[in-house]
file data_10.txt (compact mmCIF, C-alpha atoms)
# COMPACT_ATOMS: atom_id res chain seq x y z
CA MET A 329 0.00 0.00 0.00
CA ALA A 330 1.06 3.57 -0.57
CA VAL A 331 0.16 7.08 0.52
CA LEU A 332 -0.66 8.98 -2.66
CA GLU A 333 -0.47 12.72 -3.42
CA ILE A 334 -3.76 14.55 -2.93
CA LEU A 335 -4.47 17.29 -5.48
CA GLU A 336 -5.27 20.69 -3.98
CA PHE A 337 -7.64 23.43 -5.13
CA PRO A 338 -7.34 25.21 -7.56
CA ASP A 339 -5.60 22.36 -9.47
CA PRO A 340 -7.58 22.05 -12.74
CA ARG A 341 -7.38 18.23 -12.61
CA LEU A 342 -9.92 18.38 -9.77
CA ARG A 343 -12.45 19.60 -12.36
CA THR A 344 -12.21 16.40 -14.45
CA ARG A 345 -15.41 14.36 -14.63
CA ALA A 346 -14.62 10.74 -13.70
CA ARG A 347 -15.57 7.88 -16.01
CA PRO A 348 -17.31 4.72 -14.77
CA VAL A 349 -15.18 1.82 -13.61
CA ALA A 350 -15.56 -0.78 -16.37
CA ALA A 351 -14.60 -3.79 -14.25
CA VAL A 352 -13.49 -4.31 -10.66
CA THR A 353 -10.07 -5.97 -10.87
CA ALA A 354 -7.11 -6.69 -8.61
CA ASP A 355 -5.72 -3.30 -9.71
CA THR A 356 -8.97 -1.66 -8.57
CA ARG A 357 -8.68 -3.32 -5.16
CA ASP A 358 -5.02 -2.22 -4.88
CA LEU A 359 -6.11 1.35 -5.67
CA ILE A 360 -8.84 1.11 -3.01
CA ASP A 361 -6.25 -0.01 -0.42
CA ASP A 362 -3.96 2.90 -1.40
CA MET A 363 -6.90 5.31 -1.16
CA PHE A 364 -7.74 4.16 2.37
CA GLU A 365 -4.10 4.48 3.42
CA THR A 366 -3.95 7.98 1.88
CA MET A 367 -7.24 9.06 3.49
CA TYR A 368 -6.24 7.78 6.94
CA ALA A 369 -2.79 9.40 6.72
CA ALA A 370 -4.21 12.80 5.73
CA PRO A 371 -6.30 12.35 8.03
CA GLY A 372 -9.79 12.41 6.49
CA ILE A 373 -13.12 10.60 6.41
CA GLY A 374 -13.61 10.41 2.64
CA LEU A 375 -11.54 10.37 -0.54
CA ALA A 376 -12.58 10.29 -4.18
CA ALA A 377 -10.28 8.88 -6.86
CA THR A 378 -10.34 12.27 -8.62
CA GLN A 379 -8.48 13.75 -5.64
CA ILE A 380 -5.50 11.49 -6.36
CA ASN A 381 -5.63 12.16 -10.10
CA VAL A 382 -7.38 8.89 -11.00
CA HIS A 383 -10.47 9.83 -12.94
CA GLU A 384 -12.67 6.81 -12.26
CA ARG A 385 -15.96 6.75 -10.34
CA LEU A 386 -14.59 5.31 -7.12
CA LEU A 387 -14.59 6.65 -3.57
CA VAL A 388 -13.84 5.48 -0.05
CA ILE A 389 -15.32 6.60 3.25
CA ASP A 390 -14.81 5.80 6.92
CA ILE A 391 -16.62 8.09 9.35
CA SER A 392 -15.83 5.92 12.40
CA GLU A 393 -13.62 7.31 15.14
CA ASP A 394 -11.41 4.20 15.18
CA ARG A 395 -11.17 3.49 11.43
CA SER A 396 -13.29 0.36 11.85
CA ASP A 397 -15.90 0.99 9.14
CA PRO A 398 -14.17 1.35 5.75
CA GLN A 399 -16.73 1.64 2.96
CA VAL A 400 -16.19 1.48 -0.80
CA PHE A 401 -18.51 2.93 -3.45
CA ILE A 402 -17.76 2.16 -7.10
CA ASN A 403 -19.91 3.85 -9.77
CA PRO A 404 -22.24 5.33 -7.11
CA GLU A 405 -25.68 6.61 -8.09
CA VAL A 406 -27.58 8.70 -5.54
CA THR A 407 -31.30 9.36 -5.16
CA VAL A 408 -32.50 11.94 -2.64
CA ILE A 409 -34.99 10.37 -0.21
CA ASP A 410 -35.76 13.47 1.83
CA PRO A 411 -35.24 16.85 0.17
CA GLU A 412 -34.91 18.60 3.55
CA LEU A 413 -31.46 20.16 3.68
CA GLY A 414 -29.12 20.00 6.61
CA GLU A 415 -26.31 22.44 7.34
CA TYR A 416 -22.90 20.88 7.79
CA ASP A 417 -19.47 22.43 8.22
CA GLU A 418 -17.54 20.69 5.48
CA GLY A 419 -13.84 20.43 5.03
CA CYS A 420 -11.89 18.76 2.26
CA LEU A 421 -8.49 17.15 1.85
CA SER A 422 -8.19 19.06 -1.45
CA VAL A 423 -8.99 22.37 0.30
CA PRO A 424 -6.83 21.94 3.42
CA GLY A 425 -7.47 24.10 6.44
CA PHE A 426 -10.85 25.49 5.38
CA TYR A 427 -14.28 24.59 6.75
CA GLU A 428 -17.48 26.19 5.48
CA THR A 429 -21.19 25.55 5.94
CA VAL A 430 -22.82 23.68 3.04
CA ASN A 431 -26.46 22.65 2.74
CA ARG A 432 -27.17 19.14 1.44
CA PRO A 433 -29.98 16.57 1.62
CA GLN A 434 -29.71 14.60 4.85
CA ARG A 435 -31.16 11.29 3.59
CA VAL A 436 -30.19 9.61 0.34
CA GLN A 437 -30.24 6.20 -1.28
CA VAL A 438 -27.11 4.97 -3.02
CA THR A 439 -26.63 2.13 -5.47
CA ALA A 440 -23.01 1.17 -6.13
CA LEU A 441 -20.55 -1.68 -6.41
CA ASP A 442 -18.43 -2.83 -3.46
CA ARG A 443 -14.71 -3.68 -3.58
CA ASP A 444 -15.57 -7.11 -5.02
CA GLY A 445 -17.77 -5.70 -7.78
CA LYS A 446 -21.05 -6.75 -6.12
CA SER A 447 -23.96 -4.34 -6.46
CA PHE A 448 -25.68 -2.99 -3.34
CA THR A 449 -28.30 -0.39 -2.47
CA ARG A 450 -28.42 1.38 0.91
CA GLU A 451 -30.15 4.28 2.57
CA LEU A 452 -27.76 6.70 4.22
CA GLU A 453 -28.39 9.61 6.54
CA GLY A 454 -26.52 12.18 8.56
CA LEU A 455 -22.77 12.50 8.22
CA LEU A 456 -22.44 9.42 6.01
CA ALA A 457 -24.99 10.80 3.52
CA ILE A 458 -23.27 14.20 3.52
CA CYS A 459 -19.82 12.67 3.06
CA LEU A 460 -21.03 10.49 0.18
CA GLN A 461 -22.53 13.50 -1.62
CA HIS A 462 -19.33 15.50 -1.06
CA GLU A 463 -17.20 12.71 -2.56
CA ILE A 464 -19.56 12.17 -5.51
CA ASP A 465 -19.24 15.89 -6.22
CA HIS A 466 -15.49 15.26 -6.67
CA LEU A 467 -16.27 12.55 -9.23
CA ASP A 468 -18.34 15.14 -11.09
CA GLY A 469 -15.53 17.72 -11.02
CA LYS A 470 -17.15 19.80 -8.29
CA LEU A 471 -15.75 21.00 -4.96
CA PHE A 472 -17.50 22.14 -1.80
CA VAL A 473 -16.16 25.67 -2.43
CA ASP A 474 -18.49 25.78 -5.46
CA TYR A 475 -21.39 26.05 -3.00
CA LEU A 476 -19.89 29.21 -1.49
CA SER A 477 -20.19 32.80 -2.64
CA PRO A 478 -17.74 33.84 -5.37
CA LEU A 479 -16.05 36.16 -2.85
CA LYS A 480 -15.41 33.36 -0.32
CA ARG A 481 -14.28 30.96 -3.06
CA THR A 482 -11.81 33.54 -4.43
CA ARG A 483 -10.47 34.30 -0.96
CA ILE A 484 -9.86 30.59 -0.28
CA ARG A 485 -8.24 30.08 -3.70
CA LYS A 486 -5.85 33.01 -3.16
CA LYS A 487 -4.86 31.82 0.31
CA LEU A 488 -4.18 28.29 -0.95
CA GLU A 489 -2.22 29.56 -3.96
CA LYS A 490 -0.04 31.62 -1.59
CA ILE A 491 0.58 28.57 0.62
CA GLN A 492 1.40 26.46 -2.44
CA ARG A 493 3.89 29.07 -3.72
CA GLN A 494 5.61 29.15 -0.34
CA ARG A 495 5.98 25.34 -0.39
CA ASP A 496 7.49 25.25 -3.89

call {"tool": "encode", "arguments": {"input": "data_10.txt", "output": "structure tokens"}}
result
Amino acid sequence: MAVLEILEFPDPRLRTRARPVAAVTADTRDLIDDMFETMYAAPGIGLAATQINVHERLLVIDISEDRSDPQVFINPEVTVIDPELGEYDEGCLSVPGFYETVNRPQRVQVTALDRDGKSFTRELEGLLAICLQHEIDHLDGKLFVDYLSPLKRTRIRKKLEKIQRQRD
């Protein structure tokens, strides 16, 4: 397993729309393992393949405190069950150090493939539903900063660009 580089906003590769995973293979499972290792090392609770510059519809999540509930979603499709929005302070491994309030549906249904390529459908709510929607946004080339005002988004972009210049 390996810890992979996480792309950071405003990297244009984060805007790439991911393509469906054609088949779940041993390489797919190796990528999943690397994604979990990367997410845990960051540390985070969700990671989409787009964030590591792999543009396939694959994401991993573990919202448990002790890293005991790793979940894999390949080619996820979401249906909103309850349109009532909840406010959550979201952060992102691709937008490090920033947390902003985003409104999202609190209950969704997801159909996806697991790490073995088996289809499943589940209802999710609360933090897990929010995290899934956040990660699917990445697969669609969207970031949580896109939900913010243009002024806030520009301010965050400029601060991150300054930090990135200082690192280089």

call {"tool": "atom_distance", "arguments": {"input": "data_10.txt", "atom1": "atom CA of Pro338 of chain A", "atom2": "atom CA of Glu418 of chain A"}}
result
17.2 Å

call {"tool": "residues_near_point", "arguments": {"input": "data_10.txt", "point": "(-16.8, 0.8, -10.9)", "cutoff": "8 Å", "atoms": "all atoms listed in the file", "output": "number ranges by chain"}}
result
A: 348-352, 384-386, 401-403, 440-441, 445

call {"tool": "atom_distance", "arguments": {"input": "data_10.txt", "atom1": "atom CA of Asp397 of chain A", "atom2": "atom CA of Phe364 of chain A"}}
result
11.1 Å

call {"tool": "atom_distance", "arguments": {"input": "data_10.txt", "atom1": "atom CA of Ala370 of chain A", "atom2": "atom CA of Val400 of chain A"}}
result
17.7 Å

call {"tool": "closest_residue", "arguments": {"input": "data_10.txt", "among": "A:Phe337, A:Asp362, A:Val388, A:Leu375", "to": "Lys490 of chain A", "atoms": "all atoms listed in the file"}}
result
A:Phe337

call {"tool": "residues_around", "arguments": {"input": "data_10.txt", "residues": "segment 424-429 of chain A", "least_positions_apart": "2", "cutoff": "12 Å", "atoms": "only C-alpha atoms", "output": "short mmCIF file (atom, residue, chain, number, x, y, z; two decimals) with C-alpha atoms, in the coordinates of the input"}}
result
data_model
loop_
_atom_site.label_atom_id
_atom_site.label_comp_id
_atom_site.auth_asym_id
_atom_site.auth_seq_id
_atom_site.Cartn_x
_atom_site.Cartn_y
_atom_site.Cartn_z
CA ILE A 334 -3.76 14.55 -2.93
CA LEU A 335 -4.47 17.29 -5.48
CA GLU A 336 -5.27 20.69 -3.98
CA PHE A 337 -7.64 23.43 -5.13
CA PRO A 338 -7.34 25.21 -7.56
CA ALA A 370 -4.21 12.80 5.73
CA PRO A 371 -6.30 12.35 8.03
CA GLY A 372 -9.79 12.41 6.49
CA LEU A 413 -31.46 20.16 3.68
CA GLY A 414 -29.12 20.00 6.61
CA GLU A 415 -26.31 22.44 7.34
CA TYR A 416 -22.90 20.88 7.79
CA ASP A 417 -19.47 22.43 8.22
CA GLU A 418 -17.54 20.69 5.48
CA GLY A 419 -13.84 20.43 5.03
CA CYS A 420 -11.89 18.76 2.26
CA LEU A 421 -8.49 17.15 1.85
CA SER A 422 -8.19 19.06 -1.45
CA ASN A 431 -26.46 22.65 2.74
CA ARG A 432 -27.17 19.14 1.44
CA ILE A 458 -23.27 14.20 3.52
CA LEU A 471 -15.75 21.00 -4.96
CA PHE A 472 -17.50 22.14 -1.80
CA VAL A 473 -16.16 25.67 -2.43
CA ASP A 474 -18.49 25.78 -5.46
CA TYR A 475 -21.39 26.05 -3.00
CA LEU A 476 -19.89 29.21 -1.49
CA SER A 477 -20.19 32.80 -2.64
CA LYS A 480 -15.41 33.36 -0.32
CA ARG A 481 -14.28 30.96 -3.06
CA ARG A 483 -10.47 34.30 -0.96
CA ILE A 484 -9.86 30.59 -0.28
CA ARG A 485 -8.24 30.08 -3.70
CA LYS A 487 -4.86 31.82 0.31
CA LEU A 488 -4.18 28.29 -0.95
CA GLU A 489 -2.22 29.56 -3.96
CA ILE A 491 0.58 28.57 0.62
CA GLN A 492 1.40 26.46 -2.44
#

call {"tool": "closest_residue", "arguments": {"input": "data_10.txt", "among": "A:Ala346, A:Leu332, A:Val382, A:Ile373", "to": "Lys470 of chain A", "atoms": "only C-alpha atoms"}}
result
A:Ala346

call {"tool": "closest_residue", "arguments": {"input": "data_10.txt", "among": "A:Ala330, A:Ala457, A:Leu467, A:Val430", "to": "His383 of chain A", "atoms": "all atoms listed in the file"}}
result
A:Leu467

call {"tool": "closest_residue", "arguments": {"input": "data_10.txt", "among": "A:Ile391, A:Leu452, A:Val331, A:Val406", "to": "Gly374 of chain A", "atoms": "all atoms listed in the file"}}
result
A:Ile391

call {"tool": "build_atoms", "arguments": {"input": "data_10.txt", "residues": "segment 474-493 of chain A", "atoms": "N, CA, C and O atoms", "output": "short mmCIF file (atom, residue, chain, number, x, y, z; two decimals), in the coordinates of the input"}}
result
data_model
loop_
_atom_site.label_atom_id
_atom_site.label_comp_id
_atom_site.auth_asym_id
_atom_site.auth_seq_id
_atom_site.Cartn_x
_atom_site.Cartn_y
_atom_site.Cartn_z
N ASP A 474 -17.56 25.35 -4.42
CA ASP A 474 -18.49 25.78 -5.46
C ASP A 474 -19.85 26.15 -4.88
O ASP A 474 -20.64 26.83 -5.55
N TYR A 475 -20.14 25.71 -3.65
CA TYR A 475 -21.39 26.05 -3.00
C TYR A 475 -21.31 27.40 -2.27
O TYR A 475 -22.30 27.89 -1.76
N LEU A 476 -20.12 27.97 -2.21
CA LEU A 476 -19.89 29.21 -1.49
C LEU A 476 -20.07 30.41 -2.41
O LEU A 476 -20.10 30.27 -3.63
N SER A 477 -20.11 31.58 -1.83
CA SER A 477 -20.19 32.80 -2.64
C SER A 477 -18.90 32.96 -3.43
O SER A 477 -17.83 32.47 -3.01
N PRO A 478 -18.96 33.62 -4.58
CA PRO A 478 -17.74 33.84 -5.37
C PRO A 478 -16.64 34.54 -4.55
O PRO A 478 -15.46 34.23 -4.70
N LEU A 479 -17.02 35.46 -3.67
CA LEU A 479 -16.05 36.16 -2.85
C LEU A 479 -15.31 35.19 -1.92
O LEU A 479 -14.07 35.21 -1.85
N LYS A 480 -16.05 34.32 -1.21
CA LYS A 480 -15.41 33.36 -0.32
C LYS A 480 -14.53 32.39 -1.10
O LYS A 480 -13.43 32.05 -0.68
N ARG A 481 -15.04 31.92 -2.23
CA ARG A 481 -14.28 30.96 -3.06
C ARG A 481 -12.97 31.59 -3.52
O ARG A 481 -11.91 30.97 -3.46
N THR A 482 -13.01 32.84 -3.97
CA THR A 482 -11.81 33.54 -4.43
C THR A 482 -10.83 33.74 -3.29
O THR A 482 -9.62 33.55 -3.45
N ARG A 483 -11.33 34.10 -2.13
CA ARG A 483 -10.47 34.30 -0.96
C ARG A 483 -9.75 32.99 -0.60
O ARG A 483 -8.54 32.99 -0.35
N ILE A 484 -10.47 31.89 -0.59
CA ILE A 484 -9.86 30.59 -0.28
C ILE A 484 -8.83 30.23 -1.34
O ILE A 484 -7.72 29.79 -1.02
N ARG A 485 -9.17 30.41 -2.62
CA ARG A 485 -8.24 30.08 -3.70
C ARG A 485 -6.95 30.86 -3.55
O ARG A 485 -5.85 30.31 -3.66
N LYS A 486 -7.06 32.17 -3.29
CA LYS A 486 -5.85 33.01 -3.16
C LYS A 486 -4.99 32.59 -1.98
O LYS A 486 -3.76 32.56 -2.08
N LYS A 487 -5.63 32.25 -0.86
CA LYS A 487 -4.86 31.82 0.31
C LYS A 487 -4.13 30.50 0.02
O LYS A 487 -2.96 30.34 0.37
N LEU A 488 -4.81 29.57 -0.64
CA LEU A 488 -4.18 28.29 -0.95
C LEU A 488 -3.06 28.46 -1.99
O LEU A 488 -2.02 27.81 -1.88
N GLU A 489 -3.28 29.31 -2.97
CA GLU A 489 -2.22 29.56 -3.96
C GLU A 489 -0.98 30.14 -3.29
O GLU A 489 0.15 29.76 -3.62
N LYS A 490 -1.17 31.03 -2.32
CA LYS A 490 -0.04 31.62 -1.59
C LYS A 490 0.71 30.54 -0.81
O LYS A 490 1.94 30.47 -0.86
N ILE A 491 -0.04 29.67 -0.13
CA ILE A 491 0.58 28.57 0.62
C ILE A 491 1.34 27.64 -0.31
O ILE A 491 2.47 27.23 -0.03
N GLN A 492 0.75 27.34 -1.47
CA GLN A 492 1.40 26.46 -2.44
C GLN A 492 2.69 27.07 -2.99
O GLN A 492 3.69 26.37 -3.17
N ARG A 493 2.69 28.39 -3.24
CA ARG A 493 3.89 29.07 -3.72
C ARG A 493 4.99 29.02 -2.67
O ARG A 493 6.17 28.84 -3.00
#
